[in-house]
$ cat model_38.cif   # mmCIF, C-alpha atoms, pLDDT in the B column; chains and numbers go by the auth columns
data_start
#
loop_
_atom_site.group_PDB
_atom_site.id
_atom_site.type_symbol
_atom_site.label_atom_id
_atom_site.label_comp_id
_atom_site.label_asym_id
_atom_site.label_seq_id
_atom_site.Cartn_x
_atom_site.Cartn_y
_atom_site.Cartn_z
_atom_site.B_iso_or_equiv
_atom_site.auth_seq_id
_atom_site.auth_asym_id
ATOM 1 C CA MET A 1 -3.808 13.382 2.938 85.00 696 A
ATOM 2 C CA HIS A 2 -7.152 11.607 2.759 91.00 697 A
ATOM 3 C CA GLN A 3 -6.778 10.372 6.332 85.00 698 A
ATOM 4 C CA ALA A 4 -6.000 13.916 7.473 84.00 699 A
ATOM 5 C CA ILE A 5 -9.095 15.181 5.643 90.00 700 A
ATOM 6 C CA LEU A 6 -11.261 12.594 7.383 90.00 701 A
ATOM 7 C CA THR A 7 -10.043 13.663 10.822 85.00 702 A
ATOM 8 C CA ARG A 8 -11.380 17.159 10.082 89.00 703 A
ATOM 9 C CA ALA A 9 -14.524 16.185 8.209 93.00 704 A
ATOM 10 C CA ALA A 10 -16.902 16.120 11.178 90.00 705 A
ATOM 11 C CA ARG A 11 -16.204 19.752 12.062 92.00 706 A
ATOM 12 C CA ASN A 12 -16.827 20.790 8.443 94.00 707 A
ATOM 13 C CA SER A 13 -20.029 18.836 7.778 94.00 708 A
ATOM 14 C CA ASP A 14 -21.885 21.989 6.697 95.00 709 A
ATOM 15 C CA VAL A 15 -19.355 22.595 3.916 95.00 710 A
ATOM 16 C CA ILE A 16 -19.545 18.949 2.825 96.00 711 A
ATOM 17 C CA ASP A 17 -23.345 19.188 2.647 94.00 712 A
ATOM 18 C CA THR A 18 -23.458 22.459 0.699 96.00 713 A
ATOM 19 C CA VAL A 19 -20.552 21.814 -1.694 95.00 714 A
ATOM 20 C CA PRO A 20 -20.990 18.239 -2.983 94.00 715 A
ATOM 21 C CA LEU A 21 -18.210 16.464 -4.839 95.00 716 A
ATOM 22 C CA ARG A 22 -18.653 14.411 -8.011 94.00 717 A
ATOM 23 C CA PHE A 23 -15.833 12.015 -7.072 95.00 718 A
ATOM 24 C CA LEU A 24 -12.625 11.781 -5.060 96.00 719 A
ATOM 25 C CA ARG A 25 -9.302 10.771 -6.568 95.00 720 A
ATOM 26 C CA SER A 26 -6.481 8.834 -4.910 94.00 721 A
ATOM 27 C CA SER A 27 -3.078 7.772 -6.215 90.00 722 A
ATOM 28 C CA SER A 28 0.655 7.854 -5.375 84.00 723 A
ATOM 29 C CA ALA A 29 0.213 5.440 -2.446 83.00 724 A
ATOM 30 C CA SER A 30 -2.084 2.511 -1.676 84.00 725 A
ATOM 31 C CA LEU A 31 -5.374 3.613 -0.146 91.00 726 A
ATOM 32 C CA PRO A 32 -6.483 1.424 2.786 90.00 727 A
ATOM 33 C CA ALA A 33 -9.878 -0.149 2.161 92.00 728 A
ATOM 34 C CA GLN A 34 -11.282 1.391 5.354 92.00 729 A
ATOM 35 C CA VAL A 35 -10.268 4.869 4.218 93.00 730 A
ATOM 36 C CA MET A 36 -11.968 4.405 0.825 95.00 731 A
ATOM 37 C CA VAL A 37 -15.191 3.265 2.498 94.00 732 A
ATOM 38 C CA THR A 38 -15.161 6.134 5.016 94.00 733 A
ATOM 39 C CA LEU A 39 -14.449 8.718 2.307 96.00 734 A
ATOM 40 C CA ASN A 40 -17.377 7.398 0.277 95.00 735 A
ATOM 41 C CA GLN A 41 -19.709 7.529 3.274 95.00 736 A
ATOM 42 C CA THR A 42 -18.503 10.966 4.401 96.00 737 A
ATOM 43 C CA PHE A 43 -18.636 12.745 1.049 97.00 738 A
ATOM 44 C CA ARG A 44 -21.329 10.550 -0.568 95.00 739 A
ATOM 45 C CA ALA A 45 -19.204 10.349 -3.715 95.00 740 A
ATOM 46 C CA PRO A 46 -17.263 7.531 -5.406 94.00 741 A
ATOM 47 C CA VAL A 47 -13.554 7.216 -4.603 95.00 742 A
ATOM 48 C CA VAL A 48 -11.524 6.549 -7.749 95.00 743 A
ATOM 49 C CA GLU A 49 -8.211 5.003 -6.751 94.00 744 A
ATOM 50 C CA ALA A 50 -5.535 4.695 -9.431 95.00 745 A
ATOM 51 C CA TYR A 51 -2.109 3.098 -9.739 96.00 746 A
ATOM 52 C CA GLY A 52 0.727 4.427 -11.821 95.00 747 A
ATOM 53 C CA MET A 53 4.437 5.115 -12.036 95.00 748 A
ATOM 54 C CA THR A 54 6.764 7.408 -13.926 94.00 749 A
ATOM 55 C CA GLU A 55 8.078 4.588 -16.122 95.00 750 A
ATOM 56 C CA ALA A 56 4.554 4.052 -17.459 95.00 751 A
ATOM 57 C CA ALA A 57 3.900 7.731 -18.152 91.00 752 A
ATOM 58 C CA HIS A 58 1.935 7.477 -15.836 90.00 753 A
ATOM 59 C CA GLN A 59 -1.352 5.639 -15.226 93.00 754 A
ATOM 60 C CA MET A 60 -1.479 1.839 -15.227 96.00 755 A
ATOM 61 C CA ALA A 61 -4.710 0.837 -13.446 97.00 756 A
ATOM 62 C CA CYS A 62 -7.771 2.650 -12.171 96.00 757 A
ATOM 63 C CA ASN A 63 -11.054 1.986 -10.398 95.00 758 A
ATOM 64 C CA PRO A 64 -13.936 2.870 -12.753 95.00 759 A
ATOM 65 C CA LEU A 65 -15.894 6.068 -12.097 92.00 760 A
ATOM 66 C CA THR A 66 -19.350 4.504 -12.447 89.00 761 A
ATOM 67 C CA SER A 67 -20.988 4.384 -9.021 80.00 762 A
ATOM 68 C CA GLY A 68 -20.631 1.029 -7.280 87.00 763 A
ATOM 69 C CA THR A 69 -17.740 -0.230 -9.420 94.00 764 A
ATOM 70 C CA GLN A 70 -14.986 0.827 -7.025 94.00 765 A
ATOM 71 C CA LYS A 71 -13.431 -1.995 -5.002 95.00 766 A
ATOM 72 C CA PRO A 72 -11.983 -1.067 -1.600 94.00 767 A
ATOM 73 C CA GLY A 73 -8.464 -2.463 -1.366 93.00 768 A
ATOM 74 C CA ALA A 74 -8.014 -2.699 -5.147 95.00 769 A
ATOM 75 C CA VAL A 75 -6.217 -0.233 -7.420 95.00 770 A
ATOM 76 C CA GLY A 76 -8.644 -0.999 -10.235 96.00 771 A
ATOM 77 C CA VAL A 77 -8.482 -2.585 -13.666 97.00 772 A
ATOM 78 C CA PRO A 78 -5.767 -2.087 -16.310 96.00 773 A
ATOM 79 C CA ALA A 79 -6.096 1.393 -17.800 94.00 774 A
ATOM 80 C CA GLY A 80 -3.206 1.878 -20.211 89.00 775 A
ATOM 81 C CA PRO A 81 -0.439 -0.695 -20.612 95.00 776 A
ATOM 82 C CA LYS A 82 -0.868 -4.458 -20.542 97.00 777 A
ATOM 83 C CA MET A 83 -0.591 -5.715 -16.963 98.00 778 A
ATOM 84 C CA ARG A 84 0.308 -9.221 -15.821 98.00 779 A
ATOM 85 C CA ILE A 85 1.836 -11.038 -12.864 98.00 780 A
ATOM 86 C CA ALA A 86 5.374 -12.427 -13.157 98.00 781 A
ATOM 87 C CA HIS A 87 7.551 -14.716 -11.082 97.00 782 A
ATOM 88 C CA GLU A 88 9.554 -12.557 -8.699 95.00 783 A
ATOM 89 C CA ALA A 89 12.897 -14.174 -9.542 94.00 784 A
ATOM 90 C CA GLU A 90 12.382 -15.941 -12.881 97.00 785 A
ATOM 91 C CA ASP A 91 11.568 -14.318 -16.223 97.00 786 A
ATOM 92 C CA HIS A 92 8.089 -15.674 -16.944 98.00 787 A
ATOM 93 C CA LEU A 93 4.432 -14.872 -16.230 98.00 788 A
ATOM 94 C CA ILE A 94 2.434 -16.728 -13.574 98.00 789 A
ATOM 95 C CA ASP A 95 -1.057 -16.944 -12.114 97.00 790 A
ATOM 96 C CA GLY A 96 -1.679 -15.864 -8.527 96.00 791 A
ATOM 97 C CA THR A 97 0.498 -13.520 -6.481 96.00 792 A
ATOM 98 C CA GLY A 98 3.792 -12.221 -7.805 97.00 793 A
ATOM 99 C CA GLU A 99 5.443 -9.136 -9.239 98.00 794 A
ATOM 100 C CA VAL A 100 3.283 -6.773 -11.269 98.00 795 A
ATOM 101 C CA VAL A 101 4.717 -6.264 -14.771 98.00 796 A
ATOM 102 C CA ILE A 102 3.649 -3.970 -17.590 98.00 797 A
ATOM 103 C CA SER A 103 4.155 -3.677 -21.330 98.00 798 A
ATOM 104 C CA GLY A 104 3.065 -1.172 -23.961 96.00 799 A
ATOM 105 C CA PRO A 105 4.024 1.843 -26.059 95.00 800 A
ATOM 106 C CA ASN A 106 3.695 4.157 -23.033 94.00 801 A
ATOM 107 C CA VAL A 107 6.267 2.157 -21.044 97.00 802 A
ATOM 108 C CA THR A 108 9.794 3.587 -21.051 96.00 803 A
ATOM 109 C CA PRO A 109 12.183 1.758 -23.409 95.00 804 A
ATOM 110 C CA GLY A 110 14.818 1.777 -20.658 96.00 805 A
ATOM 111 C CA TYR A 111 17.022 3.760 -18.309 96.00 806 A
ATOM 112 C CA GLU A 112 19.585 5.924 -20.082 96.00 807 A
ATOM 113 C CA ASN A 113 23.198 4.872 -19.597 96.00 808 A
ATOM 114 C CA ASN A 114 22.225 2.233 -17.033 97.00 809 A
ATOM 115 C CA PRO A 115 22.507 -1.240 -18.593 96.00 810 A
ATOM 116 C CA GLU A 116 22.541 -2.879 -15.142 96.00 811 A
ATOM 117 C CA ALA A 117 19.131 -1.418 -14.245 96.00 812 A
ATOM 118 C CA ASN A 118 17.742 -2.353 -17.656 97.00 813 A
ATOM 119 C CA ALA A 119 18.903 -5.961 -17.302 96.00 814 A
ATOM 120 C CA LYS A 120 17.353 -6.158 -13.836 96.00 815 A
ATOM 121 C CA ASN A 121 14.016 -4.544 -14.629 97.00 816 A
ATOM 122 C CA PHE A 122 13.157 -5.779 -18.149 98.00 817 A
ATOM 123 C CA PHE A 123 12.659 -9.267 -19.568 98.00 818 A
ATOM 124 C CA GLU A 124 11.102 -10.815 -22.663 97.00 819 A
ATOM 125 C CA PHE A 125 8.488 -13.570 -22.523 97.00 820 A
ATOM 126 C CA ASP A 126 6.383 -14.880 -25.416 93.00 821 A
ATOM 127 C CA SER A 127 7.841 -12.169 -27.684 96.00 822 A
ATOM 128 C CA VAL A 128 6.653 -9.388 -25.347 97.00 823 A
ATOM 129 C CA ARG A 129 9.006 -7.095 -23.431 97.00 824 A
ATOM 130 C CA TRP A 130 7.914 -6.672 -19.805 98.00 825 A
ATOM 131 C CA PHE A 131 8.914 -4.126 -17.186 98.00 826 A
ATOM 132 C CA ARG A 132 9.105 -5.135 -13.538 98.00 827 A
ATOM 133 C CA THR A 133 7.326 -2.580 -11.340 97.00 828 A
ATOM 134 C CA GLY A 134 8.766 -3.762 -8.029 96.00 829 A
ATOM 135 C CA ASP A 135 5.234 -4.140 -6.653 96.00 830 A
ATOM 136 C CA GLN A 136 3.711 -7.415 -5.493 96.00 831 A
ATOM 137 C CA GLY A 137 0.064 -8.145 -6.205 96.00 832 A
ATOM 138 C CA ALA A 138 -2.596 -10.323 -7.805 97.00 833 A
ATOM 139 C CA PHE A 139 -5.705 -9.978 -9.964 98.00 834 A
ATOM 140 C CA ASP A 140 -9.063 -11.118 -8.607 97.00 835 A
ATOM 141 C CA ALA A 141 -11.750 -12.958 -10.572 97.00 836 A
ATOM 142 C CA ASP A 142 -13.176 -9.637 -11.830 96.00 837 A
ATOM 143 C CA GLY A 143 -9.839 -8.435 -13.190 97.00 838 A
ATOM 144 C CA TYR A 144 -9.166 -5.911 -10.414 97.00 839 A
ATOM 145 C CA LEU A 145 -5.563 -5.611 -9.244 97.00 840 A
ATOM 146 C CA HIS A 146 -4.858 -5.899 -5.513 96.00 841 A
ATOM 147 C CA LEU A 147 -1.392 -4.817 -4.370 94.00 842 A
ATOM 148 C CA THR A 148 0.211 -6.527 -1.388 91.00 843 A
ATOM 149 C CA GLY A 149 3.169 -4.155 -1.150 91.00 844 A
ATOM 150 C CA ARG A 150 6.506 -3.158 -2.576 92.00 845 A
ATOM 151 C CA LEU A 151 8.717 -6.234 -2.887 94.00 846 A
ATOM 152 C CA LYS A 152 11.518 -4.500 -1.005 93.00 847 A
ATOM 153 C CA GLU A 153 9.074 -3.663 1.798 94.00 848 A
ATOM 154 C CA ILE A 154 7.781 -7.226 2.292 94.00 849 A
ATOM 155 C CA ILE A 155 8.829 -8.319 5.791 96.00 850 A
ATOM 156 C CA ASN A 156 10.812 -11.566 5.958 95.00 851 A
ATOM 157 C CA ARG A 157 10.362 -12.914 9.486 96.00 852 A
ATOM 158 C CA GLY A 158 12.378 -16.102 9.705 95.00 853 A
ATOM 159 C CA GLY A 159 11.322 -17.141 6.202 94.00 854 A
ATOM 160 C CA GLU A 160 7.687 -16.091 6.615 94.00 855 A
ATOM 161 C CA LYS A 161 6.821 -13.346 4.102 93.00 856 A
ATOM 162 C CA ILE A 162 4.464 -10.729 5.541 96.00 857 A
ATOM 163 C CA SER A 163 2.677 -8.005 3.592 94.00 858 A
ATOM 164 C CA PRO A 164 2.773 -4.733 5.552 94.00 859 A
ATOM 165 C CA LEU A 165 -0.354 -3.597 3.699 93.00 860 A
ATOM 166 C CA GLU A 166 -2.233 -6.609 5.069 94.00 861 A
ATOM 167 C CA VAL A 167 -1.219 -5.764 8.638 96.00 862 A
ATOM 168 C CA ASP A 168 -2.154 -2.110 8.046 95.00 863 A
ATOM 169 C CA GLY A 169 -5.602 -3.230 6.956 94.00 864 A
ATOM 170 C CA VAL A 170 -6.197 -5.285 10.098 96.00 865 A
ATOM 171 C CA LEU A 171 -4.998 -2.582 12.477 97.00 866 A
ATOM 172 C CA LEU A 172 -7.101 0.094 10.769 95.00 867 A
ATOM 173 C CA ASP A 173 -10.186 -1.892 11.772 96.00 868 A
ATOM 174 C CA HIS A 174 -9.426 -0.908 15.367 97.00 869 A
ATOM 175 C CA PRO A 175 -11.849 1.915 16.215 94.00 870 A
ATOM 176 C CA ASP A 176 -9.165 3.969 18.004 95.00 871 A
ATOM 177 C CA ILE A 177 -6.533 3.877 15.235 95.00 872 A
ATOM 178 C CA ALA A 178 -6.577 6.778 12.774 91.00 873 A
ATOM 179 C CA GLN A 179 -3.349 6.049 10.883 91.00 874 A
ATOM 180 C CA VAL A 180 -0.912 3.141 10.736 93.00 875 A
ATOM 181 C CA VAL A 181 2.205 2.117 8.857 94.00 876 A
ATOM 182 C CA THR A 182 3.672 -1.368 9.315 96.00 877 A
ATOM 183 C CA PHE A 183 7.389 -1.864 8.747 96.00 878 A
ATOM 184 C CA ALA A 184 10.333 -4.182 9.404 96.00 879 A
ATOM 185 C CA THR A 185 12.796 -3.935 12.258 95.00 880 A
ATOM 186 C CA PRO A 186 16.048 -5.919 12.430 94.00 881 A
ATOM 187 C CA HIS A 187 16.021 -9.119 14.513 93.00 882 A
ATOM 188 C CA ALA A 188 19.135 -11.037 15.538 91.00 883 A
ATOM 189 C CA LYS A 189 17.694 -14.523 14.909 94.00 884 A
ATOM 190 C CA LEU A 190 14.738 -14.022 12.547 95.00 885 A
ATOM 191 C CA GLY A 191 16.336 -11.422 10.304 95.00 886 A
ATOM 192 C CA GLU A 192 13.330 -9.106 10.482 96.00 887 A
ATOM 193 C CA GLU A 193 10.473 -8.564 12.898 96.00 888 A
ATOM 194 C CA VAL A 194 7.105 -6.855 12.404 97.00 889 A
ATOM 195 C CA ALA A 195 6.570 -3.396 13.875 97.00 890 A
ATOM 196 C CA ALA A 196 3.874 -0.757 13.431 97.00 891 A
ATOM 197 C CA ALA A 197 3.636 2.973 14.055 96.00 892 A
ATOM 198 C CA VAL A 198 0.120 4.223 14.802 96.00 893 A
ATOM 199 C CA VAL A 199 -1.688 7.497 15.374 94.00 894 A
ATOM 200 C CA LEU A 200 -4.716 7.209 17.650 95.00 895 A
ATOM 201 C CA THR A 201 -8.016 9.026 17.323 91.00 896 A
ATOM 202 C CA ASP A 202 -8.435 12.146 19.453 89.00 897 A
ATOM 203 C CA GLY A 203 -8.952 11.360 23.117 91.00 898 A
ATOM 204 C CA SER A 204 -8.118 7.658 22.824 94.00 899 A
ATOM 205 C CA SER A 205 -6.347 5.919 25.722 93.00 900 A
ATOM 206 C CA THR A 206 -5.698 2.672 23.838 96.00 901 A
ATOM 207 C CA THR A 207 -2.365 1.077 24.700 97.00 902 A
ATOM 208 C CA GLU A 208 0.172 -0.995 22.771 96.00 903 A
ATOM 209 C CA LYS A 209 -1.041 -4.055 24.692 96.00 904 A
ATOM 210 C CA ASP A 210 -4.647 -3.370 23.635 97.00 905 A
ATOM 211 C CA ILE A 211 -3.659 -3.100 19.973 97.00 906 A
ATOM 212 C CA ARG A 212 -1.608 -6.299 20.041 97.00 907 A
ATOM 213 C CA ALA A 213 -4.500 -8.172 21.643 97.00 908 A
ATOM 214 C CA PHE A 214 -6.814 -6.841 18.903 97.00 909 A
ATOM 215 C CA ALA A 215 -4.385 -7.968 16.191 97.00 910 A
ATOM 216 C CA THR A 216 -3.830 -11.390 17.768 97.00 911 A
ATOM 217 C CA GLU A 217 -7.531 -12.188 17.411 97.00 912 A
ATOM 218 C CA ARG A 218 -7.542 -11.311 13.710 97.00 913 A
ATOM 219 C CA MET A 219 -4.326 -12.613 12.130 96.00 914 A
ATOM 220 C CA ALA A 220 -1.756 -15.369 12.370 96.00 915 A
ATOM 221 C CA ASP A 221 0.632 -14.963 15.285 96.00 916 A
ATOM 222 C CA PHE A 222 3.723 -14.447 13.096 96.00 917 A
ATOM 223 C CA LYS A 223 2.078 -11.412 11.463 97.00 918 A
ATOM 224 C CA VAL A 224 1.218 -9.636 14.729 97.00 919 A
ATOM 225 C CA PRO A 225 3.522 -6.626 15.328 97.00 920 A
ATOM 226 C CA ARG A 226 5.906 -7.325 18.202 95.00 921 A
ATOM 227 C CA LYS A 227 6.531 -3.605 18.567 95.00 922 A
ATOM 228 C CA ILE A 228 3.852 -0.920 18.323 96.00 923 A
ATOM 229 C CA ILE A 229 4.829 2.731 18.578 96.00 924 A
ATOM 230 C CA ILE A 230 2.077 5.227 19.338 96.00 925 A
ATOM 231 C CA LEU A 231 2.864 8.636 17.824 95.00 926 A
ATOM 232 C CA ASP A 232 1.225 12.020 17.446 93.00 927 A
ATOM 233 C CA GLU A 233 2.336 12.002 13.796 90.00 928 A
ATOM 234 C CA ILE A 234 4.001 9.397 11.602 89.00 929 A
ATOM 235 C CA PRO A 235 7.232 10.652 9.970 85.00 930 A
ATOM 236 C CA LYS A 236 6.872 11.229 6.237 80.00 931 A
ATOM 237 C CA GLY A 237 9.260 11.515 3.332 76.00 932 A
ATOM 238 C CA ALA A 238 9.980 14.534 1.155 74.00 933 A
ATOM 239 C CA THR A 239 6.894 13.874 -0.992 72.00 934 A
ATOM 240 C CA GLY A 240 4.571 13.585 2.007 72.00 935 A
ATOM 241 C CA LYS A 241 4.227 9.795 1.876 76.00 936 A
ATOM 242 C CA MET A 242 4.553 7.533 4.904 77.00 937 A
ATOM 243 C CA GLN A 243 7.703 5.539 4.155 83.00 938 A
ATOM 244 C CA ARG A 244 8.252 2.050 5.525 91.00 939 A
ATOM 245 C CA ILE A 245 11.893 1.671 4.564 89.00 940 A
ATOM 246 C CA GLY A 246 14.100 3.534 7.013 90.00 941 A
ATOM 247 C CA LEU A 247 11.293 4.095 9.520 92.00 942 A
ATOM 248 C CA ALA A 248 12.904 1.787 12.087 93.00 943 A
ATOM 249 C CA GLU A 249 15.998 3.999 12.033 92.00 944 A
ATOM 250 C CA LYS A 250 13.958 7.196 12.254 91.00 945 A
ATOM 251 C CA LEU A 251 12.153 5.883 15.319 92.00 946 A
ATOM 252 C CA GLY A 252 15.357 4.757 17.043 90.00 947 A
ATOM 253 C CA LEU A 253 14.628 1.024 16.788 89.00 948 A
ATOM 254 C CA VAL A 254 17.973 0.170 15.195 84.00 949 A
ATOM 255 C CA GLU A 255 21.152 0.038 17.237 70.00 950 A
ATOM 256 C CA LYS A 256 23.900 2.215 15.821 62.00 951 A
ATOM 257 C CA ALA A 257 27.156 0.498 15.023 52.00 952 A
#
$ encode --input "model_38.cif" --output "structure tokens"
Amino acid sequence: MHQAILTRAARNSDVIDTVPLRFLRSSSASLPAQVMVTLNQTFRAPVVEAYGMTEAAHQMACNPLTSGTQKPGAVGVPAGPKMRIAHEAEDHLIDGTGEVVISGPNVTPGYENNPEANAKNFFEFDSVRWFRTGDQGAFDADGYLHLTGRLKEIINRGGEKISPLEVDGVLLDHPDIAQVVTFATPHAKLGEEVAAAVVLTDGSSTTEKDIRAFATERMADFKVPRKIIILDEIPKGATGKMQRIGLAEKLGLVEKA
């Protein structure tokens, strides 16, 4: 939604000038750092990105409202439950990158009549009960949380784990790319391969080859999308979000059995 607003902002500059905003709010999906910066410059107002989920009822982290305290690419500081990083497979907390976990009175006590889901998503460590969010991320030195993606969306290319959010961020630096979503496609030998669907800015003649060359200069070779699909609009789910899982099928990149 914010990206769509930005594509129309230039033609509505008079409205932006005469009806100033105090702040802009973003949640429900990770906001690319470039989009946060452009929103701030366009509307001359802080962009307050937040991170939450239903099981936490609802907010978990938030960028502060005070001007200059918002970090592009971060979902903010803890703003509700306790937040830590846990090992993705073992039931203990770690430093660095791992699965984001939460604990507190606002966190659901469990899923009704679903002991299997409860066993999978909850664990106890140091006498604290933690809930696994399914998101991968890490805290920086200032205590801001940076998400690297949903664990089930991380691309496993021959054993190399690739964050689709990281690839999104690199491709969005291309001046002719307005929107992008990176996702996995099946690969016979590697298991998964990196692909990206992009929407170009109006009037752009940039090609798939141009975009791959741009990416090759800015990231490790194994992270560069082998397939880039240029679209007029990226397919979205029922809630309006761009969904990575299932996108390969929607775009006809998976052979039907």
$ closest_residue --input "model_38.cif" --among "A:Leu846, A:Leu885, A:Ala910, A:Ala705" --to "Asp868 (chain A)" --atoms "all atoms listed in the file"
A:Ala910
$ residues_around --input "model_38.cif" --residues "Leu716 (chain A)" --least-positions-apart "6" --cutoff "8 Å" --atoms "all atoms listed in the file" --output "ChimeraX atom specification"
/A:738-740
$ closest_residue --input "model_38.cif" --among "A:Asn758, A:Thr901, A:Thr749, A:Thr911" --to "Val865 (chain A)" --atoms "only C-alpha atoms"
A:Thr911
$ axis_aligned_box --input "model_38.cif" --around "region 782-795 of chain A" --padding-each-side "8 Å" --output "AutoDock Vina command-line options"
--center_x 5.6 --center_y -11.9 --center_z -11.7 --size_x 30.6 --size_y 26.2 --size_z 26.5
$ atom_distance --input "model_38.cif" --atom1 "CA of Ile850 (chain A)" --atom2 "CA of Gln729 (chain A)"
22.3 Å
$ residues_around --input "model_38.cif" --residues "Asp871 (chain A)" --least-positions-apart "3" --cutoff "12 Å" --atoms "all atoms listed in the file" --output "list in words"
Leu866, Leu867, Asp868, Gln874, Val875, Val893, Val894, Leu895, Thr896, Asp897, Gly898, Ser899, Ser900, Thr901, Thr902, Glu903, Asp905, Ile906, Phe909 and Ile925 of chain A
$ write_last_selection --input "model_38.cif" --atoms "C-alpha atoms" --output "compact mmCIF listing (two decimals), in the frame of the given file"
# COMPACT_ATOMS: atom_id res chain seq x y z
CA LEU A 866 -5.00 -2.58 12.48
CA LEU A 867 -7.10 0.09 10.77
CA ASP A 868 -10.19 -1.89 11.77
CA GLN A 874 -3.35 6.05 10.88
CA VAL A 875 -0.91 3.14 10.74
CA VAL A 893 0.12 4.22 14.80
CA VAL A 894 -1.69 7.50 15.37
CA LEU A 895 -4.72 7.21 17.65
CA THR A 896 -8.02 9.03 17.32
CA ASP A 897 -8.44 12.15 19.45
CA GLY A 898 -8.95 11.36 23.12
CA SER A 899 -8.12 7.66 22.82
CA SER A 900 -6.35 5.92 25.72
CA THR A 901 -5.70 2.67 23.84
CA THR A 902 -2.37 1.08 24.70
CA GLU A 903 0.17 -1.00 22.77
CA ASP A 905 -4.65 -3.37 23.64
CA ILE A 906 -3.66 -3.10 19.97
CA PHE A 909 -6.81 -6.84 18.90
CA ILE A 925 2.08 5.23 19.34
$ decode --input "model_38.cif" --residues "region 852-865 of chain A" --atoms "N, CA and C atoms" --output "PDB file, in the first residue's frame"
ATOM      1  N   ARG A 852      19.246 -22.857  -1.055  1.00  0.00           N
ATOM      2  CA  ARG A 852      19.836 -23.152  -2.369  1.00  0.00           C
ATOM      3  C   ARG A 852      21.077 -24.016  -2.175  1.00  0.00           C
ATOM      4  N   GLY A 853      20.887 -25.324  -2.273  1.00  0.00           N
ATOM      5  CA  GLY A 853      22.001 -26.239  -2.124  1.00  0.00           C
ATOM      6  C   GLY A 853      22.706 -26.132  -0.792  1.00  0.00           C
ATOM      7  N   GLY A 854      21.968 -25.836   0.267  1.00  0.00           N
ATOM      8  CA  GLY A 854      22.546 -25.697   1.600  1.00  0.00           C
ATOM      9  C   GLY A 854      22.849 -24.272   1.994  1.00  0.00           C
ATOM     10  N   GLU A 855      22.856 -23.360   1.035  1.00  0.00           N
ATOM     11  CA  GLU A 855      23.052 -21.935   1.328  1.00  0.00           C
ATOM     12  C   GLU A 855      21.699 -21.320   1.676  1.00  0.00           C
ATOM     13  N   LYS A 856      21.592 -20.711   2.866  1.00  0.00           N
ATOM     14  CA  LYS A 856      20.343 -20.100   3.300  1.00  0.00           C
ATOM     15  C   LYS A 856      20.315 -18.633   2.875  1.00  0.00           C
ATOM     16  N   ILE A 857      19.277 -18.243   2.162  1.00  0.00           N
ATOM     17  CA  ILE A 857      19.191 -16.903   1.588  1.00  0.00           C
ATOM     18  C   ILE A 857      17.932 -16.208   2.097  1.00  0.00           C
ATOM     19  N   SER A 858      18.103 -15.012   2.638  1.00  0.00           N
ATOM     20  CA  SER A 858      16.970 -14.222   3.102  1.00  0.00           C
ATOM     21  C   SER A 858      16.339 -13.488   1.919  1.00  0.00           C
ATOM     22  N   PRO A 859      15.073 -13.751   1.614  1.00  0.00           N
ATOM     23  CA  PRO A 859      14.429 -13.032   0.516  1.00  0.00           C
ATOM     24  C   PRO A 859      14.323 -11.538   0.781  1.00  0.00           C
ATOM     25  N   LEU A 860      14.220 -11.150   2.059  1.00  0.00           N
ATOM     26  CA  LEU A 860      14.160  -9.725   2.387  1.00  0.00           C
ATOM     27  C   LEU A 860      15.464  -9.027   2.020  1.00  0.00           C
ATOM     28  N   GLU A 861      16.591  -9.723   2.206  1.00  0.00           N
ATOM     29  CA  GLU A 861      17.880  -9.140   1.841  1.00  0.00           C
ATOM     30  C   GLU A 861      17.956  -8.895   0.334  1.00  0.00           C
ATOM     31  N   VAL A 862      17.515  -9.871  -0.449  1.00  0.00           N
ATOM     32  CA  VAL A 862      17.541  -9.719  -1.904  1.00  0.00           C
ATOM     33  C   VAL A 862      16.582  -8.610  -2.338  1.00  0.00           C
ATOM     34  N   ASP A 863      15.408  -8.557  -1.707  1.00  0.00           N
ATOM     35  CA  ASP A 863      14.470  -7.452  -1.982  1.00  0.00           C
ATOM     36  C   ASP A 863      15.158  -6.109  -1.804  1.00  0.00           C
ATOM     37  N   GLY A 864      15.883  -5.981  -0.689  1.00  0.00           N
ATOM     38  CA  GLY A 864      16.522  -4.713  -0.367  1.00  0.00           C
ATOM     39  C   GLY A 864      17.543  -4.294  -1.402  1.00  0.00           C
ATOM     40  N   VAL A 865      18.303  -5.254  -1.927  1.00  0.00           N
ATOM     41  CA  VAL A 865      19.298  -4.928  -2.954  1.00  0.00           C
ATOM     42  C   VAL A 865      18.614  -4.513  -4.246  1.00  0.00           C
TER      43      VAL A 865
END
